[in-house]
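Chemist: Structure: upload_24.cif, mmCIF, C-alpha atoms.
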data_coords
loop_
_atom_site.label_atom_id
_atom_site.label_comp_id
_atom_site.auth_asym_id
_atom_site.auth_seq_id
_atom_site.Cartn_x
_atom_site.Cartn_y
_atom_site.Cartn_z
CA MET G 84 6.58 10.60 4.93
CA VAL G 85 3.81 10.59 2.31
CA LEU G 86 3.63 9.62 -1.37
CA ALA G 87 0.97 11.61 -3.19
CA GLN G 88 -0.40 12.26 -6.64
CA ASN G 89 -3.66 14.04 -7.39
CA SER G 90 -4.59 13.62 -3.73
CA ALA G 91 -6.16 17.03 -3.08
CA ASP G 92 -9.30 15.47 -1.58
CA VAL G 93 -7.41 13.54 1.12
CA ILE G 94 -3.97 15.09 1.61
CA ALA G 95 -5.05 17.62 4.25
CA ARG G 96 -6.41 14.94 6.57
CA CYS G 97 -3.22 12.92 6.17
CA VAL G 98 -0.78 15.80 6.73
CA ARG G 99 -2.69 17.16 9.73
CA SER G 100 -2.62 13.74 11.37
CA LEU G 101 1.19 13.71 11.08
CA SER G 102 1.69 16.96 12.96
CA PHE G 103 3.35 14.95 15.76
CA ALA G 104 6.38 14.40 13.50
CA ASP G 105 9.42 16.68 13.51
CA GLU G 106 8.93 17.04 9.76
CA VAL G 107 6.31 15.94 7.24
CA LEU G 108 7.77 15.15 3.81
CA VAL G 109 5.33 14.81 0.91
CA VAL G 110 6.78 13.39 -2.31
CA ASP G 111 4.42 14.38 -5.11
CA GLY G 112 4.47 12.52 -8.40
CA GLY G 113 3.38 15.48 -10.51
CA SER G 114 -0.17 16.27 -9.43
CA ALA G 115 -2.51 18.18 -11.73
CA ASP G 116 -4.65 19.31 -8.79
CA ASP G 117 -3.95 21.31 -5.61
CA THR G 118 -2.14 18.53 -3.72
CA VAL G 119 1.16 20.42 -3.51
CA ALA G 120 -0.39 23.74 -2.50
CA ILE G 121 -2.52 22.14 0.22
CA ALA G 122 0.40 20.16 1.65
CA GLU G 123 2.66 23.22 1.70
CA SER G 124 -0.03 25.35 3.32
CA LEU G 125 -0.12 22.86 6.19
CA GLY G 126 3.62 23.08 6.76
CA ALA G 127 4.78 19.99 4.87
CA ARG G 128 8.06 19.93 2.96
CA VAL G 129 7.10 18.99 -0.59
CA LEU G 130 9.39 17.33 -3.09
CA VAL G 131 8.03 17.03 -6.64
CA ASN G 132 9.42 14.05 -8.52
CA ALA G 133 7.89 12.81 -11.78
CA TRP G 134 6.19 9.51 -10.99
CA PRO G 135 8.70 6.63 -11.52
CA GLY G 136 6.59 3.85 -9.96
CA PHE G 137 5.59 2.98 -6.40
CA ALA G 138 8.84 1.34 -5.23
CA ALA G 139 11.11 3.88 -6.93
CA GLN G 140 9.13 6.80 -5.51
CA ARG G 141 9.30 5.35 -2.00
CA ARG G 142 13.07 5.04 -2.40
CA VAL G 143 13.23 8.71 -3.40
CA ALA G 144 11.30 9.61 -0.27
CA LEU G 145 13.54 7.48 1.94
CA ALA G 146 16.66 9.02 0.39
CA HIS G 147 15.43 12.48 1.39
CA ALA G 148 14.77 11.59 5.01
CA THR G 149 16.42 14.05 7.36
CA HIS G 150 15.73 12.28 10.66
CA ASP G 151 16.70 8.93 12.17
CA TRP G 152 13.17 7.51 12.16
CA VAL G 153 10.65 7.52 9.29
CA PHE G 154 6.92 6.90 9.47
CA PHE G 155 5.41 5.96 6.09
CA CYS G 156 1.81 7.09 5.65
CA ASP G 157 -0.11 6.94 2.37
CA SER G 158 -2.14 9.97 1.32
CA ASP G 159 -5.43 8.14 1.95
CA GLU G 160 -4.40 7.21 5.50
CA GLU G 161 -4.59 8.98 8.84
CA ALA G 162 -2.59 8.55 12.03
CA PRO G 163 -5.09 9.06 14.90
CA PRO G 164 -3.89 10.75 18.12
CA ALA G 165 -3.45 7.43 19.95
CA LEU G 166 -1.12 6.14 17.24
CA ALA G 167 0.75 9.46 17.08
CA ALA G 168 1.44 9.28 20.82
CA GLU G 169 2.52 5.65 20.59
CA VAL G 170 4.93 6.38 17.74
CA ARG G 171 6.67 9.14 19.68
CA THR G 172 6.88 6.96 22.80
CA ALA G 173 8.24 3.99 20.84
CA VAL G 174 10.93 6.02 19.12
CA THR G 175 12.06 7.58 22.39
CA ARG G 176 12.11 4.22 24.16
CA VAL G 177 14.24 2.38 21.58
CA ASP G 178 16.30 5.23 20.18
CA ALA G 179 19.43 3.99 21.96
CA ASP G 180 18.75 0.35 21.08
CA ALA G 181 20.30 -0.17 17.65
CA THR G 182 18.93 -3.73 17.45
CA VAL G 183 15.38 -2.44 16.79
CA GLY G 184 14.95 -1.67 13.10
CA GLY G 185 11.24 -0.88 12.93
CA PHE G 186 7.65 -1.30 14.02
CA ARG G 187 4.61 -2.79 12.36
CA VAL G 188 1.31 -0.95 12.64
CA ARG G 189 -2.19 -2.40 12.62
CA ARG G 190 -3.94 -0.87 9.63
CA ARG G 191 -7.71 -0.57 9.96
CA SER G 192 -9.18 -0.17 6.49
CA GLN G 193 -12.51 0.98 5.16
CA PHE G 194 -14.29 -0.67 2.23
CA LEU G 195 -17.29 1.02 0.64
CA GLY G 196 -17.52 3.46 3.53
CA GLY G 197 -17.42 0.97 6.41
CA TRP G 198 -14.64 -0.53 8.50
CA MET G 199 -13.61 -4.03 7.40
CA ASP G 200 -13.05 -5.56 10.84
CA ALA G 201 -13.62 -9.07 9.50
CA GLY G 202 -11.64 -11.05 6.97
CA PRO G 203 -7.96 -10.68 6.00
CA TRP G 204 -8.08 -6.87 6.04
CA ALA G 205 -8.60 -7.11 9.80
CA ARG G 206 -5.16 -8.73 10.10
CA ASP G 207 -3.09 -6.19 8.17
CA TYR G 208 0.16 -5.20 9.90
CA PRO G 209 2.45 -3.34 7.46
CA LEU G 210 5.92 -2.19 8.51
CA ARG G 211 5.58 1.60 8.67
CA LEU G 212 7.84 3.02 11.38
CA VAL G 213 11.47 2.35 10.45
CA ARG G 214 14.97 3.43 11.31
CA ALA G 215 15.93 5.26 8.12
CA ARG G 216 19.48 3.94 7.82
CA ALA G 217 18.31 0.35 8.34
CA ALA G 218 15.43 0.38 5.82
CA ARG G 219 15.21 -0.84 2.22
CA VAL G 220 12.28 -0.80 -0.22
CA THR G 221 11.44 -4.11 -1.90
CA ASP G 222 11.37 -4.49 -5.68
CA ALA G 223 7.75 -4.63 -6.83
CA SER G 224 5.73 -2.56 -9.29
CA VAL G 225 2.79 -2.60 -6.88
CA HIS G 226 2.29 -3.59 -3.24
CA GLU G 227 5.92 -2.72 -2.55
CA GLY G 228 7.08 -3.11 1.01
CA VAL G 229 9.85 -2.05 3.35
CA VAL G 230 12.34 -4.35 5.08
CA VAL G 231 14.77 -3.43 7.84
CA ASP G 232 17.91 -4.70 9.45
CA GLY G 233 17.28 -5.60 13.08
CA THR G 234 14.30 -6.72 15.09
CA VAL G 235 10.73 -5.62 14.38
CA ALA G 236 8.13 -4.86 17.05
CA THR G 237 4.40 -4.07 16.71
CA LEU G 238 2.44 -1.01 17.80
CA SER G 239 -1.07 -1.53 19.14
CA SER G 240 -2.89 1.64 18.03
CA PRO G 241 -4.39 1.43 14.52
CA LEU G 242 -3.60 3.46 11.43
CA HIS G 243 -6.80 4.45 9.59
CA HIS G 244 -6.97 3.66 5.88
CA PHE G 245 -9.77 5.26 3.84
CA THR G 246 -9.74 3.23 0.64
CA HIS G 247 -12.11 1.71 -1.94
CA SER G 248 -14.83 4.24 -1.18
CA THR G 249 -16.92 3.14 -4.19
CA ILE G 250 -17.15 0.15 -6.51
CA SER G 251 -15.84 2.30 -9.36
CA ASP G 252 -12.80 3.21 -7.23
CA SER G 253 -12.17 -0.51 -6.63
CA ILE G 254 -12.38 -1.28 -10.35
CA ARG G 255 -10.04 1.61 -11.17
CA ARG G 256 -7.47 0.31 -8.68
CA LEU G 257 -7.93 -3.22 -9.94
CA ASN G 258 -7.20 -2.17 -13.52
CA LEU G 259 -4.13 -0.14 -12.57
CA TYR G 260 -2.59 -2.62 -10.15
CA THR G 261 -3.16 -5.70 -12.31
CA THR G 262 -1.40 -3.99 -15.22
CA LEU G 263 1.60 -3.22 -13.02
CA GLU G 264 1.70 -6.61 -11.34
CA ALA G 265 1.32 -8.49 -14.63
CA GLY G 266 4.58 -6.93 -15.79
CA ASP G 267 6.33 -8.39 -12.74
CA ARG G 268 4.74 -11.81 -13.15
CA ALA G 269 5.21 -12.27 -16.89
CA SER G 270 8.67 -13.82 -16.44
CA ARG G 271 7.48 -16.25 -13.77
CA ARG G 272 5.21 -19.30 -13.95
CA ARG G 273 3.45 -19.83 -17.27
CA ILE G 274 -0.24 -18.93 -17.01
CA ARG G 275 -2.43 -21.56 -18.67
CA ALA G 276 -5.75 -21.01 -20.43
CA LEU G 277 -7.90 -22.24 -17.52
CA ASP G 278 -6.02 -20.40 -14.75
CA PRO G 279 -8.11 -17.20 -15.04
CA LEU G 280 -11.23 -19.30 -14.47
CA VAL G 281 -10.13 -21.85 -11.87
CA SER G 282 -7.86 -19.87 -9.55
CA PRO G 283 -10.29 -16.99 -8.85
CA ALA G 284 -12.90 -19.45 -7.57
CA GLY G 285 -10.41 -20.65 -4.99
CA VAL G 286 -9.55 -17.06 -4.06
CA PHE G 287 -13.22 -16.25 -3.47
CA LEU G 288 -13.76 -19.27 -1.23
CA LYS G 289 -10.57 -18.54 0.69
CA TYR G 290 -11.53 -14.90 1.34
CA TYR G 291 -15.25 -15.36 1.90
CA VAL G 292 -15.32 -18.63 3.85
CA VAL G 293 -11.89 -19.47 5.25
CA LYS G 294 -10.72 -15.93 6.09
CA GLY G 295 -14.15 -14.80 7.28
CA CYS G 296 -15.33 -12.09 4.90
CA TRP G 297 -18.82 -13.53 5.31
CA ARG G 298 -18.93 -11.87 8.73
CA ALA G 299 -19.01 -8.45 7.02
CA GLY G 300 -22.27 -9.12 5.17
CA VAL G 301 -22.69 -7.66 1.70
CA ARG G 302 -19.44 -5.69 1.90
CA GLY G 303 -17.57 -8.88 2.74
CA TYR G 304 -19.14 -10.66 -0.24
CA LEU G 305 -18.18 -7.79 -2.53
CA LEU G 306 -14.62 -7.66 -1.20
CA ALA G 307 -14.17 -11.40 -1.78
CA SER G 308 -15.68 -11.05 -5.26
CA ILE G 309 -13.45 -8.13 -6.27
CA THR G 310 -10.38 -9.94 -4.92
CA ALA G 311 -11.28 -12.96 -7.06
CA MET G 312 -11.84 -10.68 -10.05
CA TYR G 313 -8.41 -9.15 -9.42
CA LYS G 314 -6.82 -12.60 -9.68
CA SER G 315 -8.69 -13.38 -12.91
CA VAL G 316 -7.77 -10.08 -14.59
CA LEU G 317 -4.17 -10.40 -13.38
CA TYR G 318 -3.86 -13.85 -14.93
CA ILE G 319 -5.46 -12.69 -18.20
CA LYS G 320 -3.05 -9.75 -18.49
CA THR G 321 -0.04 -11.87 -17.50
CA ARG G 322 -0.96 -14.56 -20.04
CA SER G 323 -1.33 -11.90 -22.73
CA LEU G 324 2.18 -10.59 -22.01
CA GLN G 325 3.59 -14.10 -22.02
CA ARG G 326 1.93 -14.94 -25.34
CA SER G 327 3.21 -11.71 -26.89
CA ALA G 328 6.75 -12.45 -25.71
CA LEU G 329 6.51 -15.99 -27.06
CA ALA G 330 5.26 -14.75 -30.44
CA THR G 331 8.12 -12.28 -30.63
CA ARG G 332 10.57 -15.15 -30.12
CA GLY G 333 8.76 -17.20 -32.73
CA GLY G 334 7.80 -19.89 -30.23
CA HIS G 335 4.64 -21.89 -29.58
CA GLU G 336 2.76 -22.74 -26.39
#
Output the file's structure in the form of structure tokens.

Modeler:
Amino acid sequence: MVLAQNSADVIARCVRSLSFADEVLVVDGGSADDTVAIAESLGARVLVNAWPGFAAQRRVALAHATHDWVFFCDSDEEAPPALAAEVRTAVTRVDADATVGGFRVRRRSQFLGGWMDAGPWARDYPLRLVRARAARVTDASVHEGVVVDGTVATLSSPLHHFTHSTISDSIRRLNLYTTLEAGDRASRRRIRALDPLVSPAGVFLKYYVVKGCWRAGVRGYLLASITAMYKSVLYIKTRSLQRSALATRGGHE
């Protein structure tokens, strides 16, 4: 099950890697490129639904599931043969065990064209294989997740994630995601004037030193730096929303 929008450059790799599934469903958010045509040419069932947001679109996809088990795969991801075989084995093994609600998958991600096998990205285990009737999508404008009723196990074979191929791609994602996340955070803790300066420094040290990004050389330094920048921009945008809301109410900080 794939969410896609203007993904013509990556959708073929993703859909082909899911050929082990009984059905590949691509939910397209209204692409202006050839995403839909490419996916259909590879045998995928395509549902076009005007983009309502990440969580809402994933709920649309889940609602159109036609099988007991669902494997979520983003358009910039690929399920290698080892993972494909493990998914089919896992589903067959637990199909009669209603206590198992899903499986986490180790996601191996690229950053600037190289695998990030050091730092927090090396310990990324999202819940991706779920029993459809037991699954729910969390409420979040970005970085939405899936939760299930029942126990959760972990698969050993990695899912490949081809992301942040260039610095400009990272900045584009940063700008989009911080705008979405700021809307969620505006009603939470008040962001103070110094937060966009102080907190990012702690984020950088945590990623680079404590979590081990330094082991990845220059790419690790850049990842820690962009993550810190994300926090700073997020706080600036959240504070701006909070100040606007306060002004509308006629209040003062």

Chemist: Evaluate the PyMOL selection byres ((chain G and resi 133-142) around 7) on the structure here and hand back the selected residues as a ChimeraX atom specification.

Modeler: /G:112-113,131-132,143-146,220-225,227

Chemist: Would you compute the distance between CA of Arg189 in chain G and CA of Asp207 in chain G? Give it in Å to one decimal.

Modeler: 5.9 Å

Chemist: Rank nothing, just name the residue among G:Leu317, G:Ala167, G:Ala162, G:Ala218 nearest to Arg191 in chain G, using all atoms listed in the file.

Modeler: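 Using all atoms listed in the file, Arg191 in chain G sits closest to G:Ala162.
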
Chemist: Please identify all polymer residues within 9 Å of Gln88 in chain G, counting all atoms listed in the file, omitting same-chain residues fewer than 4 positions from it, and present them as an mmCIF file with C-alpha atoms, keeping the file's coordinate frame.

Modeler:
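Final output, selection.cif:
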data_model
loop_
_atom_site.group_PDB
_atom_site.id
_atom_site.type_symbol
_atom_site.label_atom_id
_atom_site.label_comp_id
_atom_site.auth_asym_id
_atom_site.auth_seq_id
_atom_site.Cartn_x
_atom_site.Cartn_y
_atom_site.Cartn_z
ATOM 1 C CA VAL G 110 6.780 13.390 -2.310
ATOM 2 C CA ASP G 111 4.420 14.380 -5.110
ATOM 3 C CA GLY G 112 4.470 12.520 -8.400
ATOM 4 C CA GLY G 113 3.380 15.480 -10.510
ATOM 5 C CA SER G 114 -0.170 16.270 -9.430
ATOM 6 C CA ALA G 115 -2.510 18.180 -11.730
ATOM 7 C CA ASP G 116 -4.650 19.310 -8.790
ATOM 8 C CA THR G 118 -2.140 18.530 -3.720
ATOM 9 C CA VAL G 119 1.160 20.420 -3.510
ATOM 10 C CA TRP G 134 6.190 9.510 -10.990
ATOM 11 C CA SER G 158 -2.140 9.970 1.320
#

Chemist: Determine the residue set returned by the PyMOL selection byres ((chain G and resi 91) around 8) for the present structure, and present it as a list in words.

Modeler: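 Listing what the PyMOL selection byres ((chain G and resi 91) around 8) selects in the shown file: Asn89, Ser90, Asp92, Val93, Ile94, Ala95, Asp116, Asp117, Thr118 and Ile121 of chain G.
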
Chemist: Can you write just those residues out, C-alpha atoms, as a PDB file, in the frame of the given file?

Modeler:
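The file below, result.pdb, is the result:
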ATOM      1  CA  ASN G  89      -3.660  14.040  -7.390  1.00  0.00           C
ATOM      2  CA  SER G  90      -4.590  13.620  -3.730  1.00  0.00           C
ATOM      3  CA  ASP G  92      -9.300  15.470  -1.580  1.00  0.00           C
ATOM      4  CA  VAL G  93      -7.410  13.540   1.120  1.00  0.00           C
ATOM      5  CA  ILE G  94      -3.970  15.090   1.610  1.00  0.00           C
ATOM      6  CA  ALA G  95      -5.050  17.620   4.250  1.00  0.00           C
ATOM      7  CA  ASP G 116      -4.650  19.310  -8.790  1.00  0.00           C
ATOM      8  CA  ASP G 117      -3.950  21.310  -5.610  1.00  0.00           C
ATOM      9  CA  THR G 118      -2.140  18.530  -3.720  1.00  0.00           C
ATOM     10  CA  ILE G 121      -2.520  22.140   0.220  1.00  0.00           C
TER      11      ILE G 121
END

Chemist: Could you produce a table of the residues of range 209-287 of chain G lying within 10 Å of range 294-306 of chain G, with the nearest pair of atoms per residue and their separation in Å rounded to one decimal, using all atoms listed in the file, ordered by chain and increasing residue number, as a Markdown table?

Modeler:
| residue | atom | partner | partner_atom | distance |
| --- | --- | --- | --- | --- |
| G:His247 | CA | G:Leu306 | CA | 9.7 |
| G:Ile250 | CA | G:Leu305 | CA | 8.9 |
| G:Ser253 | CA | G:Leu306 | CA | 9.3 |
| G:Phe287 | CA | G:Tyr304 | CA | 8.8 |

Chemist: For Arg268 in chain G, which residue out of G:Leu324, G:Val213, G:Met312, G:Val188 is the nearest one, using all atoms listed in the file?

Modeler: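 Selected residue with least distance to Arg268 in chain G: G:Leu324.
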
Chemist: At what distance in Å, to one decimal, does CA of Gly185 in chain G lie from CA of Thr149 in chain G?

Modeler: 16.8 Å

Chemist: Just add N, CA and C atoms to range 156-170 of chain G and send it as a compact mmCIF listing (two decimals), in the coordinates of the input.

Modeler:
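As written to disk, part_24.txt reads:
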# COMPACT_ATOMS: atom_id res chain seq x y z
N CYS G 156 3.27 6.95 5.59
CA CYS G 156 1.81 7.09 5.65
C CYS G 156 1.32 7.43 4.25
N ASP G 157 0.42 6.65 3.70
CA ASP G 157 -0.11 6.94 2.37
C ASP G 157 -1.09 8.12 2.45
N SER G 158 -1.31 8.76 1.32
CA SER G 158 -2.14 9.97 1.32
C SER G 158 -3.58 9.70 1.72
N ASP G 159 -4.06 8.46 1.55
CA ASP G 159 -5.43 8.14 1.95
C ASP G 159 -5.49 7.50 3.34
N GLU G 160 -4.44 7.73 4.13
CA GLU G 160 -4.40 7.21 5.50
C GLU G 160 -4.33 8.35 6.50
N GLU G 161 -4.60 8.00 7.76
CA GLU G 161 -4.59 8.98 8.84
C GLU G 161 -4.04 8.33 10.10
N ALA G 162 -3.13 9.03 10.76
CA ALA G 162 -2.59 8.55 12.03
C ALA G 162 -3.37 9.21 13.16
N PRO G 163 -4.30 8.48 13.82
CA PRO G 163 -5.09 9.06 14.90
C PRO G 163 -4.19 9.45 16.08
N PRO G 164 -4.70 10.29 16.98
CA PRO G 164 -3.89 10.75 18.12
C PRO G 164 -3.26 9.63 18.94
N ALA G 165 -4.00 8.53 19.15
CA ALA G 165 -3.45 7.43 19.95
C ALA G 165 -2.22 6.82 19.28
N LEU G 166 -2.27 6.68 17.96
CA LEU G 166 -1.12 6.14 17.24
C LEU G 166 0.03 7.15 17.24
N ALA G 167 -0.28 8.42 17.06
CA ALA G 167 0.75 9.46 17.08
C ALA G 167 1.52 9.43 18.39
N ALA G 168 0.79 9.32 19.51
CA ALA G 168 1.44 9.28 20.82
C ALA G 168 2.28 8.03 20.98
N GLU G 169 1.78 6.90 20.46
CA GLU G 169 2.52 5.65 20.59
C GLU G 169 3.79 5.66 19.76
N VAL G 170 3.73 6.28 18.59
CA VAL G 170 4.93 6.38 17.74
C VAL G 170 6.02 7.17 18.45
